[in-house]
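Please read the structure below before turning to the comments.
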2 protein chains.
Amino acid sequence: MLGMFCIRACSGLVGRWTATCVRSLHVFPGITVDQIDEEVSKLLQLKAQLGGNDGKNQFVLKTPKGTRDYNPKQMAIREKVFNTIVGCFKRHGAETIDTPVFELKETLTGKYGEDSKLIYDLKDQGGELLALRYDLTVPFARYLAMNKITNIKRYHIAKVYRRDNPAMTRGRYREFYQCDFDIAGQYDAMIPDAECLKIVHEILSELDLGDFRIKVNDRRILDGMFAVCGVPDDKFRTICSTVDKLDKMPWEEVKKEMVNEKGLSEEAADQIGEYVSMQGGMDLAERLLQDQKMSQSKLACAGLSDIKLLFTYLQLFQVTDKVVFDLSLARGLDYYTGIIYEAVLTQAGVAPVTTEAQNGAAAEESVSVGSVAGGGRYDGLVGMFDPKGRKVPCVGVSIGIERVFSIMEQKAEASTEKIRTTEVQIMVASAQKNLLEEKLKLVTELWNAGIKAEVMYKKNPKLLSQLQHCEESGIPLVAILGEQELKDGVVKLRVVATREEVDISRAALIDEVWRRTSAA
Amino acid sequence: MLGMFCIRACSGLVGRWTATCVRSLHVFPGITVDQIDEEVSKLLQLKAQLGGNDGKNQFVLKTPKGTRDYNPKQMAIREKVFNTIVGCFKRHGAETIDTPVFELKETLTGKYGEDSKLIYDLKDQGGELLALRYDLTVPFARYLAMNKITNIKRYHIAKVYRRDNPAMTRGRYREFYQCDFDIAGQYDAMIPDAECLKIVHEILSELDLGDFRIKVNDRRILDGMFAVCGVPDDKFRTICSTVDKLDKMPWEEVKKEMVNEKGLSEEAADQIGEYVSMQGGMDLAERLLQDQKMSQSKLACAGLSDIKLLFTYLQLFQVTDKVVFDLSLARGLDYYTGIIYEAVLTQAGVAPVTTEAQNGAAAEESVSVGSVAGGGRYDGLVGMFDPKGRKVPCVGVSIGIERVFSIMEQKAEASTEKIRTTEVQIMVASAQKNLLEEKLKLVTELWNAGIKAEVMYKKNPKLLSQLQHCEESGIPLVAILGEQELKDGVVKLRVVATREEVDISRAALIDEVWRRTSAA
């Protein structure tokens with residue numbers, strides 16, 4: 001902290017700050033590389049604003065930390081992924097809504113526990129106090145309460161913002177997309193919950209990212225388990241967040257944290273240890289319902305009965321092959337009240353990097369990166385916004401799409417298949433000079449007929465450069481105009497891939513282009 | 001200002017502030033209703049954070065000022081509008097990119113002139129200094145310079161942010177969509193410029209919003225005109241922004257501002273007055289090229305020659321019916337260097353409300369609301385970001401889509417035709433009890449075949465409520481299961497509109513659903 005303060009204090013002394021600050025870093029080694037990067041970037045910005053000393057363009061030419069531009073190739077991949085996901089949401093009858101990118105600061109207050117420190121606040125410029133949305137769930141709950149909606153099945157795909165220190169190479173960013181599907185309403189147990197899992201299964205299968213598992217658990221089972229293992233009531237939450245670390249550190253360390261840091265008795269910890277090592281399906285839920293200790297907790301039994309019911313529906317939905325009832329799953333967010341779940345990719349190269357698993361921070365990243373979807377039931381959140389506290393039960397799932405983009409981008413780079421970034425069907429070209437007007441007339445005919453067409457923005461481009469443009473951007477057809485063609489009332493239609501050329505009458509051209517490109 | 005300060009100072013004294021502040025308002029009447037609303041909302045937020053005094057849910061349940069949620073119906077309209085616009089952009093061979101919602105503060109600095117005060121800054125939370133994007137053009141220029149791109153034709157549809165005081169009922173917001181199409185690259189004069197106008201023409205025609213006009217002018221013609229009329233060089237910009245007000249106030253007032261406020265000679269003002277009343281087409285450009293005074297300016301002549309060339313291409317593109325060369329058009333943004341244009345809806349009820357035209361603020365709103373697209377050439381902007389100042393000539397257009405949404409929403413409300421918010425093809429229902437499992441099996445079959453299908457989340461819903469749901473959400477088909485149907489291996493397929501029912505074998509159901517819904 002003192003190291004940070006020093007760099008801050010130096011910011012005013014642009015030019016002379018370096019030596020002092022570097023010295024301070026030795027004195028206060030608590031500072032991280034990320035913090036230094038941020039401070040340097042800020043100092044360079046300040047310097048640029050002060051005018052600098054060597055010319056006019058002193059810009060730091062970058063996007064903000066933790067964000068990225070999407071280039072046309074990345075956008076083509078993104079569009080494909082979104083189409084798959086939206087297609088699935090629509091197949092399940094969801095409507096869609098949108099909310100502003102920022103909310104009143106207080107709307108977000110008290111919803112995210114410790115993570116609240118990661119919220120981006122807007123500067124107080126003399127109006128309301130605002131903050132960028134941290135997820136899509138809280139705005140959804142605010143929307144339901146504000147509009148007194150008690151029943152809806154909706155999806156929402158939008159960017160959310162977290163001032164985290166993410167590993168961007170692994171597809172984690174400060175600005176990232178979430179694709180949420182939620183079902184709000186008072187319904188019979190586990191039917192909407194099961195549909196959410198069906199949706200995760202469909203999407204991950206269709207995206208073809210390799211094998212995956214969907215882990216399920218229930219808040220009530222966790223809480224019941226803590227009770228029967230002798231965890232004091234006021235330690236449920238903190239012990240729960242220690243359990244949440246089981247996918248990134250071995251049991252021995254988790255136990256150490258429970259006992260040494262959180263002050264749990266060794267006996268209680270060992271009992272928890274037995275339970276959280278359990279994985280299974282409906283059979284496990286049945287066994288635990290008979291379990292001498294677990295069956296003492298009404299809460300746990302309610303959760304276990306629902307897990308049984310869930311698996312019944314999952315069988316009918318044909319998705320049990322990927323779903324595991326896993327007692328170690330304990331998702332962080334405060335607002336979950338029932339079933340919780342998380343999907344992870346299990347294929348080599350995509351799963352958590354195990355060599356890093358000993359190192360806290362690095363391991364956390366490698367694990368979260370394996371997770372591509374998560375969600376659960378949150379029956380109390382809408383009531384937090386309703387003036388009379390009226391509850392609207394909700395269950396939902398969020399697809400963490402950035403990791404998916406990263407994998408698809410890697411795949412695309414490794415593949416020889418070229419990604420097209422436009423959908424142009426035909427290029428209007430000429431081999432001779434002074435035909436610009438004729439080309440513009442023809443391209444207008446094509447546009448007006450709804451055909452995707454291009455013409456070069458040069459009066460007299462070379463035929464070769466026109467053909468090269470087609471090769472590069474994957475345009476399949478060229479309409480070549482020349483004096484002779486104009487005289488004959490035809491165009492020479494060239495197929496780029498085969499170099500085959502054929503004269504087509506002007507009147508027949510549009511049909512011919514449709515015929516040749518509709519298969520593609 | 002003093003009134004504002006007082007309310008701010010009162011904010012700490014929640015509970016006792018009202019009397020004092022209301023008194024202050026009488027003393028300092030400069031305060032506006034909007035400012036009061038903002039302060040009240042802020043005080044209520046503060047109060048809620050302090051705990052309030054009557055219960056737990058003290059939330060101000062609203063979206064931030066100047067923003068709105070989109071409900072499913074509005075989203076259905078939005079999707080339709082976007083499809084039209086994106087379809088046009090793709091037809092013209094554009095790629096798409098995306099950029100972060102915020103930029104380094106300095107990226108936006110010095111690009112928007114006076115409007116910079118409307119930029120939303122993020123709070124300094126100890127990293128880089130950030131601000132929400134104000135438009136898509138500056139991020140685009142930053143993207144080109146950062147990636148050293150010299151040629152691209154791209155569209156970008158995204159939200160931008162302005163701390164304005166907009167009239168939301170008229171489709172103006174603080175968070176709003178822009179749909180931008182830009183062509184970057186060194187090309188022959190006016191070909192890309194003409195294509196931008198062709199695109200505006202196509203989009204506004206397809207959206208079917210009523211009649212429209214596209215006004216064109218050129219920065220060089222404006223500057224040349226000012227020079228030959230005797231405006232001193234250092235007054236070009238300020239006189240230009242006075243000319244920009246001609247669409248919202250009569251010439252007499254504009255002249256008064258030029259002479260009394262900006263200190264221009266009456267003679268110079270009168271000369272400008274003659275020119276800015278001129279409207280026409282290619283003929284006007286030709287006449288002005290012969291004009292004794294105008295022809296003395298090389299800059300104006302260059303602009304006029306380009307206008308002539310532009311109209312040649314516009315004729316080939318078949319769009320001259322809507323395009324007017326209008327010397328009073330003077331768009332505000334600093335970065336334009338050549339042709340500028342603006343599209344306005346001219347139909348009654350949509351066009352500027354003339355009764356308000358006498359009142360400054362109100363008139364400004366009514367006019368901006370008529371404008372639905374604008375753009376121009378900006379050859380210097382990318383160079384501002386390049387470390388070596390390398391220029392990339394650009395021309396582009398921005399479709400102001402919020403106004404379009406508002407018009408479409410009004411139309412939809414006035415129409416009897418129902419807007420569907422989902423695309424569900426079939427509902428799986430039952431008339432008898434205890435068939436949930438069979439229904440879930442059937443809906444799984446349908447989903448797995450790619451059919452959009454729904455089932456109610458109740459074990460034993462009434463048939464009537466299942467049919468009502470179909471009527472309400474426009475689902476055309478129902479598959480009704482009963483004991484008899486299960487025995488016979490069929491489902492009863494009901495057409496919601498006609499109430500016709502027919503038994504279909506399970507094996508043939510999927511084909512039958514496709515057959516009956518593919519026409520829709």
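Each chain in the structure tokens gets a letter, A, B, ..., in the order shown, and its residues are numbered from 1; ligands are numbered from 1 in order too.
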
Neighbour list for stretch 214-227 of chain A as a list in words, cut-off 7 Å, only C-alpha atoms, skip fewer than 6 positions in-chain: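 Here the answer would be Phe236, Met294, Ser297, Leu299, Ala300, Gly303, Leu304, Lys322, Val323, Val324, Phe325, Asp326, Leu327, Leu329, Tyr336, Thr337, Gly338, Ile339, Ile340, Tyr341, Glu342, Ala343 and Val344 of chain A.
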
What does the file look like for those residues with N, CA, C and O atoms, as a PDB file, in the first residue's frame?
```
ATOM      1  N   PHE A 236     -21.353 -20.848   8.588  1.00  0.00           N
ATOM      2  CA  PHE A 236     -21.791 -21.522   7.346  1.00  0.00           C
ATOM      3  C   PHE A 236     -21.190 -20.869   6.106  1.00  0.00           C
ATOM      4  O   PHE A 236     -20.620 -21.530   5.256  1.00  0.00           O
ATOM      5  N   MET A 294     -26.840 -37.201   7.874  1.00  0.00           N
ATOM      6  CA  MET A 294     -27.455 -36.266   6.940  1.00  0.00           C
ATOM      7  C   MET A 294     -28.974 -36.238   7.092  1.00  0.00           C
ATOM      8  O   MET A 294     -29.588 -35.175   6.976  1.00  0.00           O
ATOM      9  N   SER A 297     -31.011 -33.654   9.133  1.00  0.00           N
ATOM     10  CA  SER A 297     -31.268 -32.273   8.706  1.00  0.00           C
ATOM     11  C   SER A 297     -32.443 -32.233   7.735  1.00  0.00           C
ATOM     12  O   SER A 297     -32.387 -32.780   6.637  1.00  0.00           O
ATOM     13  N   LEU A 299     -33.438 -29.657   6.160  1.00  0.00           N
ATOM     14  CA  LEU A 299     -32.978 -28.855   5.032  1.00  0.00           C
ATOM     15  C   LEU A 299     -32.273 -29.736   4.004  1.00  0.00           C
ATOM     16  O   LEU A 299     -32.580 -29.709   2.798  1.00  0.00           O
ATOM     17  N   ALA A 300     -31.328 -30.551   4.498  1.00  0.00           N
ATOM     18  CA  ALA A 300     -30.582 -31.438   3.606  1.00  0.00           C
ATOM     19  C   ALA A 300     -31.525 -32.404   2.911  1.00  0.00           C
ATOM     20  O   ALA A 300     -31.405 -32.634   1.698  1.00  0.00           O
ATOM     21  N   GLY A 303     -33.338 -30.804   0.101  1.00  0.00           N
ATOM     22  CA  GLY A 303     -32.419 -30.660  -1.033  1.00  0.00           C
ATOM     23  C   GLY A 303     -32.200 -31.978  -1.742  1.00  0.00           C
ATOM     24  O   GLY A 303     -32.214 -32.045  -2.976  1.00  0.00           O
ATOM     25  N   LEU A 304     -32.016 -33.050  -0.960  1.00  0.00           N
ATOM     26  CA  LEU A 304     -31.730 -34.367  -1.550  1.00  0.00           C
ATOM     27  C   LEU A 304     -32.934 -34.900  -2.324  1.00  0.00           C
ATOM     28  O   LEU A 304     -32.775 -35.479  -3.405  1.00  0.00           O
ATOM     29  N   LYS A 322     -23.914 -36.374 -18.678  1.00  0.00           N
ATOM     30  CA  LYS A 322     -22.917 -35.349 -18.341  1.00  0.00           C
ATOM     31  C   LYS A 322     -23.108 -34.742 -16.955  1.00  0.00           C
ATOM     32  O   LYS A 322     -22.326 -33.895 -16.543  1.00  0.00           O
ATOM     33  N   VAL A 323     -24.174 -35.105 -16.261  1.00  0.00           N
ATOM     34  CA  VAL A 323     -24.486 -34.427 -15.004  1.00  0.00           C
ATOM     35  C   VAL A 323     -24.035 -35.261 -13.811  1.00  0.00           C
ATOM     36  O   VAL A 323     -24.290 -36.463 -13.747  1.00  0.00           O
ATOM     37  N   VAL A 324     -23.336 -34.622 -12.883  1.00  0.00           N
ATOM     38  CA  VAL A 324     -22.832 -35.275 -11.674  1.00  0.00           C
ATOM     39  C   VAL A 324     -23.326 -34.528 -10.448  1.00  0.00           C
ATOM     40  O   VAL A 324     -23.174 -33.305 -10.376  1.00  0.00           O
ATOM     41  N   PHE A 325     -23.885 -35.265  -9.511  1.00  0.00           N
ATOM     42  CA  PHE A 325     -24.222 -34.689  -8.201  1.00  0.00           C
ATOM     43  C   PHE A 325     -22.929 -34.678  -7.396  1.00  0.00           C
ATOM     44  O   PHE A 325     -22.354 -35.721  -7.126  1.00  0.00           O
ATOM     45  N   ASP A 326     -22.427 -33.482  -7.084  1.00  0.00           N
ATOM     46  CA  ASP A 326     -21.091 -33.330  -6.513  1.00  0.00           C
ATOM     47  C   ASP A 326     -21.189 -32.459  -5.261  1.00  0.00           C
ATOM     48  O   ASP A 326     -21.431 -31.253  -5.351  1.00  0.00           O
ATOM     49  N   LEU A 327     -20.965 -33.079  -4.095  1.00  0.00           N
ATOM     50  CA  LEU A 327     -21.153 -32.340  -2.846  1.00  0.00           C
ATOM     51  C   LEU A 327     -20.090 -31.291  -2.574  1.00  0.00           C
ATOM     52  O   LEU A 327     -20.204 -30.525  -1.622  1.00  0.00           O
ATOM     53  N   LEU A 329     -19.368 -28.962  -4.757  1.00  0.00           N
ATOM     54  CA  LEU A 329     -19.703 -27.729  -5.491  1.00  0.00           C
ATOM     55  C   LEU A 329     -20.377 -26.739  -4.548  1.00  0.00           C
ATOM     56  O   LEU A 329     -21.398 -27.047  -3.919  1.00  0.00           O
ATOM     57  N   TYR A 336     -27.963 -17.448  -4.036  1.00  0.00           N
ATOM     58  CA  TYR A 336     -28.538 -18.764  -4.331  1.00  0.00           C
ATOM     59  C   TYR A 336     -29.269 -19.348  -3.126  1.00  0.00           C
ATOM     60  O   TYR A 336     -28.808 -19.239  -1.992  1.00  0.00           O
ATOM     61  N   THR A 337     -30.395 -19.987  -3.387  1.00  0.00           N
ATOM     62  CA  THR A 337     -31.200 -20.533  -2.290  1.00  0.00           C
ATOM     63  C   THR A 337     -31.481 -22.023  -2.451  1.00  0.00           C
ATOM     64  O   THR A 337     -31.898 -22.675  -1.501  1.00  0.00           O
ATOM     65  N   GLY A 338     -31.279 -22.605  -3.635  1.00  0.00           N
ATOM     66  CA  GLY A 338     -31.592 -24.020  -3.852  1.00  0.00           C
ATOM     67  C   GLY A 338     -30.507 -24.676  -4.684  1.00  0.00           C
ATOM     68  O   GLY A 338     -29.317 -24.572  -4.366  1.00  0.00           O
ATOM     69  N   ILE A 339     -30.939 -25.299  -5.768  1.00  0.00           N
ATOM     70  CA  ILE A 339     -29.996 -25.989  -6.625  1.00  0.00           C
ATOM     71  C   ILE A 339     -28.952 -25.020  -7.182  1.00  0.00           C
ATOM     72  O   ILE A 339     -29.248 -23.852  -7.465  1.00  0.00           O
ATOM     73  N   ILE A 340     -27.703 -25.496  -7.275  1.00  0.00           N
ATOM     74  CA  ILE A 340     -26.626 -24.744  -7.939  1.00  0.00           C
ATOM     75  C   ILE A 340     -25.927 -25.686  -8.899  1.00  0.00           C
ATOM     76  O   ILE A 340     -25.940 -26.907  -8.711  1.00  0.00           O
ATOM     77  N   TYR A 341     -25.331 -25.131  -9.959  1.00  0.00           N
ATOM     78  CA  TYR A 341     -24.612 -25.982 -10.902  1.00  0.00           C
ATOM     79  C   TYR A 341     -23.531 -25.220 -11.626  1.00  0.00           C
ATOM     80  O   TYR A 341     -23.526 -23.979 -11.658  1.00  0.00           O
ATOM     81  N   GLU A 342     -22.633 -25.958 -12.187  1.00  0.00           N
ATOM     82  CA  GLU A 342     -21.487 -25.368 -12.881  1.00  0.00           C
ATOM     83  C   GLU A 342     -21.035 -26.362 -13.928  1.00  0.00           C
ATOM     84  O   GLU A 342     -20.941 -27.557 -13.654  1.00  0.00           O
ATOM     85  N   ALA A 343     -20.774 -25.884 -15.144  1.00  0.00           N
ATOM     86  CA  ALA A 343     -20.287 -26.767 -16.205  1.00  0.00           C
ATOM     87  C   ALA A 343     -18.810 -26.507 -16.438  1.00  0.00           C
ATOM     88  O   ALA A 343     -18.372 -25.355 -16.476  1.00  0.00           O
ATOM     89  N   VAL A 344     -18.039 -27.575 -16.548  1.00  0.00           N
ATOM     90  CA  VAL A 344     -16.602 -27.435 -16.809  1.00  0.00           C
ATOM     91  C   VAL A 344     -16.218 -28.278 -18.021  1.00  0.00           C
ATOM     92  O   VAL A 344     -16.774 -29.352 -18.254  1.00  0.00           O
TER      93      VAL A 344
END
```

Contact residues (chain B, partner chain A, 6 Å, only C-alpha atoms) as a count of residues only: 40

Within 9 Å of A:Leu246 using only C-alpha atoms, minus same-chain residues under 6 positions, as a list in words: Glu253, Val254, Val276, Ser328 and Leu329 of chain A

Stretch 331-520 of chain B: residues DSSP assigns to strand (DSSP E or B), reported as a ChimeraX atom specification: /B:339-345,371-377,394-400,426-430,453-455,477-481,490-495,501-505

Okay, now the selection with C-alpha atoms, as a PDB file, in the first residue's frame?
```pdb
ATOM      1  CA  ILE B 339     -18.624  16.242 -47.506  1.00  0.00           C
ATOM      2  CA  ILE B 340     -21.199  16.260 -44.696  1.00  0.00           C
ATOM      3  CA  TYR B 341     -24.789  15.017 -44.734  1.00  0.00           C
ATOM      4  CA  GLU B 342     -27.834  14.542 -42.604  1.00  0.00           C
ATOM      5  CA  ALA B 343     -31.081  12.670 -43.192  1.00  0.00           C
ATOM      6  CA  VAL B 344     -34.353  13.983 -41.806  1.00  0.00           C
ATOM      7  CA  LEU B 345     -37.830  12.540 -41.782  1.00  0.00           C
ATOM      8  CA  SER B 371     -32.741  13.835 -37.874  1.00  0.00           C
ATOM      9  CA  VAL B 372     -32.264  10.080 -38.209  1.00  0.00           C
ATOM     10  CA  ALA B 373     -28.852   9.772 -39.849  1.00  0.00           C
ATOM     11  CA  GLY B 374     -25.770  11.860 -40.328  1.00  0.00           C
ATOM     12  CA  GLY B 375     -22.191  11.652 -41.299  1.00  0.00           C
ATOM     13  CA  GLY B 376     -19.416  12.937 -43.448  1.00  0.00           C
ATOM     14  CA  ARG B 377     -15.776  12.721 -44.416  1.00  0.00           C
ATOM     15  CA  CYS B 394     -12.463   8.053 -43.905  1.00  0.00           C
ATOM     16  CA  VAL B 395     -16.082   8.661 -44.727  1.00  0.00           C
ATOM     17  CA  GLY B 396     -19.026   7.252 -42.844  1.00  0.00           C
ATOM     18  CA  VAL B 397     -22.592   7.445 -41.754  1.00  0.00           C
ATOM     19  CA  SER B 398     -24.310   6.915 -38.431  1.00  0.00           C
ATOM     20  CA  ILE B 399     -27.946   5.824 -38.257  1.00  0.00           C
ATOM     21  CA  GLY B 400     -29.658   7.289 -35.189  1.00  0.00           C
ATOM     22  CA  ILE B 426     -45.608 -25.948 -30.803  1.00  0.00           C
ATOM     23  CA  MET B 427     -46.779 -26.439 -27.247  1.00  0.00           C
ATOM     24  CA  VAL B 428     -46.793 -29.908 -25.700  1.00  0.00           C
ATOM     25  CA  ALA B 429     -49.982 -30.235 -23.651  1.00  0.00           C
ATOM     26  CA  SER B 430     -52.272 -32.780 -22.068  1.00  0.00           C
ATOM     27  CA  ALA B 453     -41.281 -26.110 -28.311  1.00  0.00           C
ATOM     28  CA  GLU B 454     -42.652 -25.405 -24.875  1.00  0.00           C
ATOM     29  CA  VAL B 455     -44.242 -27.334 -22.056  1.00  0.00           C
ATOM     30  CA  LEU B 477     -49.706 -25.597 -32.853  1.00  0.00           C
ATOM     31  CA  VAL B 478     -50.436 -27.778 -29.836  1.00  0.00           C
ATOM     32  CA  ALA B 479     -49.490 -31.439 -29.444  1.00  0.00           C
ATOM     33  CA  ILE B 480     -52.045 -32.913 -27.072  1.00  0.00           C
ATOM     34  CA  LEU B 481     -51.208 -36.138 -25.256  1.00  0.00           C
ATOM     35  CA  VAL B 490     -50.143 -40.797 -31.917  1.00  0.00           C
ATOM     36  CA  VAL B 491     -50.498 -37.222 -30.755  1.00  0.00           C
ATOM     37  CA  LYS B 492     -53.475 -34.976 -31.332  1.00  0.00           C
ATOM     38  CA  LEU B 493     -52.190 -32.002 -33.309  1.00  0.00           C
ATOM     39  CA  ARG B 494     -54.334 -28.928 -32.789  1.00  0.00           C
ATOM     40  CA  VAL B 495     -54.149 -25.790 -34.903  1.00  0.00           C
ATOM     41  CA  GLU B 501     -57.526 -31.282 -34.542  1.00  0.00           C
ATOM     42  CA  VAL B 502     -55.945 -34.265 -36.259  1.00  0.00           C
ATOM     43  CA  ASP B 503     -54.182 -37.394 -35.005  1.00  0.00           C
ATOM     44  CA  ILE B 504     -50.600 -37.736 -36.233  1.00  0.00           C
ATOM     45  CA  SER B 505     -48.373 -40.741 -35.630  1.00  0.00           C
TER      46      SER B 505
END
```
